[in-house]
file coords.csv (CSV, C-alpha atoms)
chain,number,residue,atom,x,y,z
A,1,MET,CA,24.4,25.2,146.9
A,2,PHE,CA,21.0,26.5,145.8
A,3,GLY,CA,22.6,27.6,142.5
A,4,ARG,CA,23.9,24.1,141.8
A,5,LYS,CA,20.4,22.5,142.2
A,6,LYS,CA,19.0,25.2,140.0
A,7,ASP,CA,21.5,24.5,137.3
A,8,GLU,CA,20.9,20.8,137.5
A,9,SER,CA,17.2,21.2,137.2
A,10,GLN,CA,17.7,23.5,134.2
A,11,SER,CA,20.1,21.1,132.6
A,12,GLN,CA,17.5,18.4,132.9
A,13,VAL,CA,14.8,20.6,131.4
A,14,ASN,CA,17.0,21.8,128.5
A,15,VAL,CA,17.3,18.5,126.8
A,16,GLU,CA,17.3,18.0,123.0
A,17,PRO,CA,13.8,18.9,121.7
A,18,VAL,CA,11.9,15.9,120.5
A,19,GLU,CA,11.1,16.0,116.8
A,20,GLN,CA,7.4,16.6,116.1
A,21,ALA,CA,5.6,15.5,113.1
A,22,SER,CA,4.6,18.4,110.8
A,23,GLU,CA,1.1,18.5,109.4
A,24,SER,CA,0.2,18.7,105.8
A,25,THR,CA,-2.5,21.0,104.4
A,26,ASP,CA,-5.2,18.3,104.9
A,27,GLY,CA,-4.4,17.9,108.6
A,28,ARG,CA,-2.5,14.6,108.4
A,29,LYS,CA,1.0,14.1,109.5
A,30,ALA,CA,3.4,14.5,106.6
A,31,GLY,CA,6.6,13.5,108.4
A,32,PRO,CA,9.0,14.6,111.1
A,33,THR,CA,9.6,18.2,111.7
A,34,PRO,CA,13.2,19.2,110.6
A,35,LYS,CA,15.7,20.1,113.3
A,36,ARG,CA,16.2,23.8,114.1
A,37,ASN,CA,19.7,24.0,112.6
A,38,ALA,CA,18.4,22.4,109.4
A,39,GLN,CA,15.6,25.0,109.2
A,40,GLN,CA,18.0,27.9,109.8
A,41,ALA,CA,20.3,26.5,107.2
A,42,ASN,CA,17.5,26.5,104.7
A,43,ARG,CA,16.6,30.1,105.5
A,44,GLN,CA,20.1,31.5,105.2
A,45,ARG,CA,20.9,33.7,102.2
A,46,PRO,CA,24.3,35.2,101.5
A,47,LEU,CA,24.7,38.9,102.3
A,48,VAL,CA,26.6,39.5,99.1
A,49,PRO,CA,25.3,37.5,96.1
A,50,THR,CA,27.8,35.2,94.6
A,51,ASP,CA,26.7,36.0,91.1
A,52,ARG,CA,26.5,39.8,91.0
A,53,LYS,CA,25.5,40.0,87.4
A,54,ALA,CA,22.5,37.7,87.9
A,55,ALA,CA,21.5,39.5,91.1
A,56,LYS,CA,21.6,42.8,89.3
A,57,GLU,CA,19.5,41.4,86.4
A,58,ALA,CA,17.0,40.0,88.9
A,59,GLU,CA,16.7,43.4,90.6
A,60,ARG,CA,16.3,45.1,87.3
A,61,GLN,CA,13.5,42.7,86.3
A,62,GLN,CA,11.7,43.2,89.7
A,63,ARG,CA,11.9,47.0,89.2
A,64,ILE,CA,10.5,46.7,85.6
A,65,GLU,CA,7.7,44.5,86.9
A,66,ALA,CA,6.9,47.0,89.7
A,67,GLN,CA,6.8,49.9,87.2
A,68,ASN,CA,4.5,47.9,84.8
A,69,ARG,CA,2.2,47.0,87.7
A,70,LEU,CA,2.1,50.7,88.7
A,71,ARG,CA,1.4,51.8,85.1
A,72,VAL,CA,-1.4,49.3,84.7
A,73,ALA,CA,-2.8,50.4,88.1
A,74,ASN,CA,-2.8,54.0,87.0
A,75,GLU,CA,-4.7,53.1,83.8
A,76,THR,CA,-7.3,50.8,85.5
A,77,GLY,CA,-7.5,52.2,89.0
A,78,ASP,CA,-6.5,48.9,90.6
A,79,GLU,CA,-5.6,50.0,94.2
A,80,ARG,CA,-3.4,47.0,95.0
A,81,TYR,CA,-0.5,48.5,93.0
A,82,LEU,CA,-1.2,52.2,93.2
A,83,MET,CA,1.2,54.5,95.1
A,84,ALA,CA,0.4,55.0,98.8
A,85,ARG,CA,-0.8,58.6,98.2
A,86,ASP,CA,-3.6,57.3,95.9
A,87,LYS,CA,-4.8,54.4,98.0
A,88,GLY,CA,-8.0,54.3,100.0
A,89,PRO,CA,-11.8,54.5,99.4
A,90,GLN,CA,-11.9,58.2,100.2
A,91,LYS,CA,-9.2,59.0,97.8
A,92,ARG,CA,-11.0,57.0,95.1
A,93,TYR,CA,-14.2,58.8,95.8
A,94,ALA,CA,-12.4,62.2,95.7
A,95,ARG,CA,-10.8,61.3,92.3
A,96,ASN,CA,-14.2,60.3,90.9
A,97,PHE,CA,-15.8,63.4,92.3
A,98,ILE,CA,-13.2,65.7,90.7
A,99,ASP,CA,-13.1,63.8,87.4
A,100,SER,CA,-16.9,64.0,87.0
A,101,ARG,CA,-16.8,67.9,87.1
A,102,TRP,CA,-15.6,70.7,84.8
A,103,MET,CA,-13.0,72.6,86.7
A,104,VAL,CA,-11.6,76.1,85.8
A,105,GLY,CA,-8.4,75.1,87.7
A,106,GLU,CA,-7.5,72.4,85.2
A,107,PHE,CA,-7.1,75.0,82.5
A,108,MET,CA,-5.0,77.3,84.6
A,109,MET,CA,-1.8,76.7,82.8
A,110,PHE,CA,-3.4,77.4,79.4
A,111,PHE,CA,-4.8,80.7,80.7
A,112,ILE,CA,-1.4,81.7,82.2
A,113,LEU,CA,0.3,80.9,79.0
A,114,ALA,CA,-2.2,83.0,77.0
A,115,PHE,CA,-1.7,85.9,79.5
A,116,LEU,CA,2.1,85.6,79.1
A,117,VAL,CA,1.9,85.7,75.3
A,118,VAL,CA,-0.4,88.7,75.3
A,119,SER,CA,1.7,90.4,77.9
A,120,LEU,CA,4.9,89.9,75.8
A,121,THR,CA,3.1,90.9,72.6
A,122,PHE,CA,1.9,94.2,74.0
A,123,SER,CA,4.8,94.8,76.3
A,124,GLY,CA,4.9,98.5,75.3
A,125,ASN,CA,1.2,99.1,76.0
A,126,LEU,CA,0.6,100.0,79.6
A,127,ALA,CA,-3.2,99.7,79.4
A,128,VAL,CA,-3.1,96.2,78.0
A,129,GLN,CA,-0.5,95.2,80.7
A,130,MET,CA,-2.9,96.4,83.4
A,131,TYR,CA,-5.8,94.5,81.9
A,132,VAL,CA,-3.8,91.3,81.6
A,133,GLN,CA,-2.6,91.6,85.2
A,134,GLY,CA,-6.1,92.3,86.5
A,135,ALA,CA,-7.5,89.3,84.5
A,136,LEU,CA,-4.8,87.1,86.0
A,137,TRP,CA,-5.7,88.1,89.5
A,138,VAL,CA,-9.4,87.5,88.8
A,139,LEU,CA,-8.5,84.0,87.4
A,140,ILE,CA,-6.5,83.2,90.5
A,141,ALA,CA,-9.4,84.3,92.8
A,142,VAL,CA,-11.9,82.2,90.8
A,143,ILE,CA,-9.6,79.1,91.1
A,144,ILE,CA,-9.2,79.6,94.8
A,145,ILE,CA,-13.0,80.1,95.3
A,146,GLU,CA,-13.7,77.1,93.1
A,147,ALA,CA,-11.3,74.9,95.2
A,148,ILE,CA,-12.9,76.0,98.5
A,149,VAL,CA,-16.4,75.4,97.3
A,150,THR,CA,-15.6,72.1,95.6
A,151,THR,CA,-13.7,70.6,98.6
A,152,SER,CA,-16.5,71.8,101.0
A,153,ILE,CA,-19.0,69.8,98.9
A,154,LEU,CA,-16.7,66.9,98.8
A,155,LYS,CA,-16.2,67.0,102.6
A,156,ARG,CA,-19.9,66.9,103.2
A,157,ARG,CA,-20.3,63.9,100.9
A,158,LEU,CA,-17.4,62.0,102.4
A,159,VAL,CA,-18.6,62.5,105.9
A,160,ALA,CA,-22.1,61.4,104.9
A,161,GLN,CA,-20.8,58.3,103.1
A,162,PHE,CA,-17.9,57.2,105.3
A,163,GLY,CA,-18.7,58.9,108.6
A,164,SER,CA,-15.4,60.8,108.8
A,165,LEU,CA,-12.9,62.6,106.7
A,166,ASP,CA,-9.4,61.2,106.2
A,167,ARG,CA,-6.5,63.7,106.6
A,168,GLY,CA,-5.2,65.2,103.3
A,169,VAL,CA,-8.2,64.2,101.1
A,170,ARG,CA,-9.3,67.8,100.5
A,171,MET,CA,-5.8,68.9,99.5
A,172,TYR,CA,-5.5,65.7,97.3
A,173,ALA,CA,-8.8,66.7,95.6
A,174,THR,CA,-7.6,70.3,95.2
A,175,MET,CA,-4.3,69.3,93.5
A,176,ARG,CA,-6.1,66.9,91.2
A,177,GLY,CA,-8.6,69.6,90.2
A,178,MET,CA,-5.7,71.8,89.1
A,179,GLN,CA,-4.3,69.1,86.8
A,180,PHE,CA,-5.3,68.9,83.1
A,181,ARG,CA,-7.7,65.9,82.9
A,182,LYS,CA,-5.6,63.9,80.3
A,183,LEU,CA,-2.5,64.3,82.5
A,184,ARG,CA,-4.1,63.1,85.8
A,185,LEU,CA,-2.7,59.9,87.4
A,186,PRO,CA,-4.4,57.6,88.2
A,187,LYS,CA,-6.4,58.1,85.0
A,188,PRO,CA,-10.0,59.2,85.3
A,189,GLN,CA,-12.4,56.3,85.6
A,190,VAL,CA,-15.6,58.3,85.2
A,191,LYS,CA,-16.9,60.6,82.5
A,192,ARG,CA,-17.7,64.3,83.0
A,193,GLY,CA,-21.2,64.7,84.4
A,194,ALA,CA,-21.4,61.1,85.6
A,195,SER,CA,-23.1,60.4,88.9
A,196,ILE,CA,-20.7,58.9,91.4
A,197,ASP,CA,-23.2,58.2,94.3
call {"tool": "encode", "arguments": {"input": "coords.csv", "output": "C-alpha cells"}}
result
Amino acid sequence: MFGRKKDESQSQVNVEPVEQASESTDGRKAGPTPKRNAQQANRQRPLVPTDRKAAKEAERQQRIEAQNRLRVANETGDERYLMARDKGPQKRYARNFIDSRWMVGEFMMFFILAFLVVSLTFSGNLAVQMYVQGALWVLIAVIIIEAIVTTSILKRRLVAQFGSLDRGVRMYATMRGMQFRKLRLPKPQVKRGASID
C-alpha cells in the first residue's frame, strides 16, 4: 500500500524534462536545449573506426605533431610540451644552475675513453696500468665530491627561492651535470658563467 503511493509519487516526479533554452556566449538565449538522447547521439564515436587507413594516418600525424612539439620545446625550453620529468620551476632552475657552471662530470666519458686507450696501448706495462687505474679512481672520487658539493649549493638556493625542495631535483641536477653540454635535453638556455638569480 505504501509502496504503491510511493511509486505513484515518483512517476509523477519523473516526467519528461522540459527543454530549457541554452545561453550563448554573450548571455542571451540562443535557442532550446537539445534533448538528452540527441546530445548522447552527437557524442557517440565508433569503437572501431570505419576507415582504418584514415584513422591510422590521423594517429600517425598526431604522433608526428607531438614529436615536433617536444623537439621544439627541448630547443626553446617551453615547458608546455616538455616531458613530465623536465617540468616545473625547480627543475628549470636546476637546469640553468648546472648549465651555467663548468663540471668535471660532463667530461667523464672522454676521460674514461682516454684511460681505456692508454690502458690498451700499454697493456704489458704493469706500472702504467697501476697509474691509469689510480687516476681513474681519483677521477671518480672528484666527480662524486663535485656532485655532492654542487647539489648542496643548489639545495640551499632552491630552499631560499622556493621555500622547499621538490623530490628528485638533486638527482636530476646530478645526472644533467654528468651529460656533455651539447647532448643535454632540454638544450641549455644560459651561457657558462651567467648569473641565474
call {"tool": "atom_distance", "arguments": {"input": "coords.csv", "atom1": "CA of Gly193 in chain A", "atom2": "CA of Arg71 in chain A"}}
result
26.0 Å
call {"tool": "closest_residue", "arguments": {"input": "coords.csv", "among": "A:Arg176, A:Lys35, A:Arg181, A:Arg167", "to": "Ala147 in chain A", "atoms": "only C-alpha atoms"}}
result
A:Arg176
call {"tool": "atom_distance", "arguments": {"input": "coords.csv", "atom1": "CA of Ile98 in chain A", "atom2": "CA of Tyr172 in chain A"}}
result
10.1 Å
call {"tool": "residues_near_point", "arguments": {"input": "coords.csv", "point": "(-6.2, 87.6, 84.8)", "cutoff": "12 Å", "atoms": "all atoms listed in the file", "output": "count of residues only"}}
result
27
call {"tool": "closest_residue", "arguments": {"input": "coords.csv", "among": "A:Asn68, A:Gln39, A:Ser164, A:Thr121", "to": "Gln90 in chain A", "atoms": "only C-alpha atoms"}}
result
A:Ser164
call {"tool": "closest_residue", "arguments": {"input": "coords.csv", "among": "A:Arg28, A:Val104, A:Ala194, A:Gly124", "to": "Met178 in chain A", "atoms": "all atoms listed in the file"}}
result
A:Val104
call {"tool": "residues_around", "arguments": {"input": "coords.csv", "residues": "Phe97 in chain A", "least_positions_apart": "3", "cutoff": "9 Å", "atoms": "all atoms listed in the file", "output": "PyMOL selection string"}}
result
chain A and resi 92-94+100-101+154+173+190+195-196
call {"tool": "closest_residue", "arguments": {"input": "coords.csv", "among": "A:Thr174, A:Thr50, A:Asn96, A:Thr151", "to": "Asp197 in chain A", "atoms": "only C-alpha atoms"}}
result
A:Asn96
call {"tool": "atom_distance", "arguments": {"input": "coords.csv", "atom1": "CA of Gly105 in chain A", "atom2": "CA of Lys187 in chain A"}}
result
17.3 Å
call {"tool": "closest_residue", "arguments": {"input": "coords.csv", "among": "A:Ala127, A:Gln40, A:Trp102, A:Phe122", "to": "Thr150 in chain A", "atoms": "all atoms listed in the file"}}
result
A:Trp102
call {"tool": "closest_residue", "arguments": {"input": "coords.csv", "among": "A:Gly177, A:Lys53, A:Pro188, A:Pro32", "to": "Glu146 in chain A", "atoms": "only C-alpha atoms"}}
result
A:Gly177
call {"tool": "residues_around", "arguments": {"input": "coords.csv", "residues": "Gln179 in chain A", "least_positions_apart": "5", "cutoff": "8 Å", "atoms": "all atoms listed in the file", "output": "PyMOL selection string"}}
result
chain A and resi 105-107+184
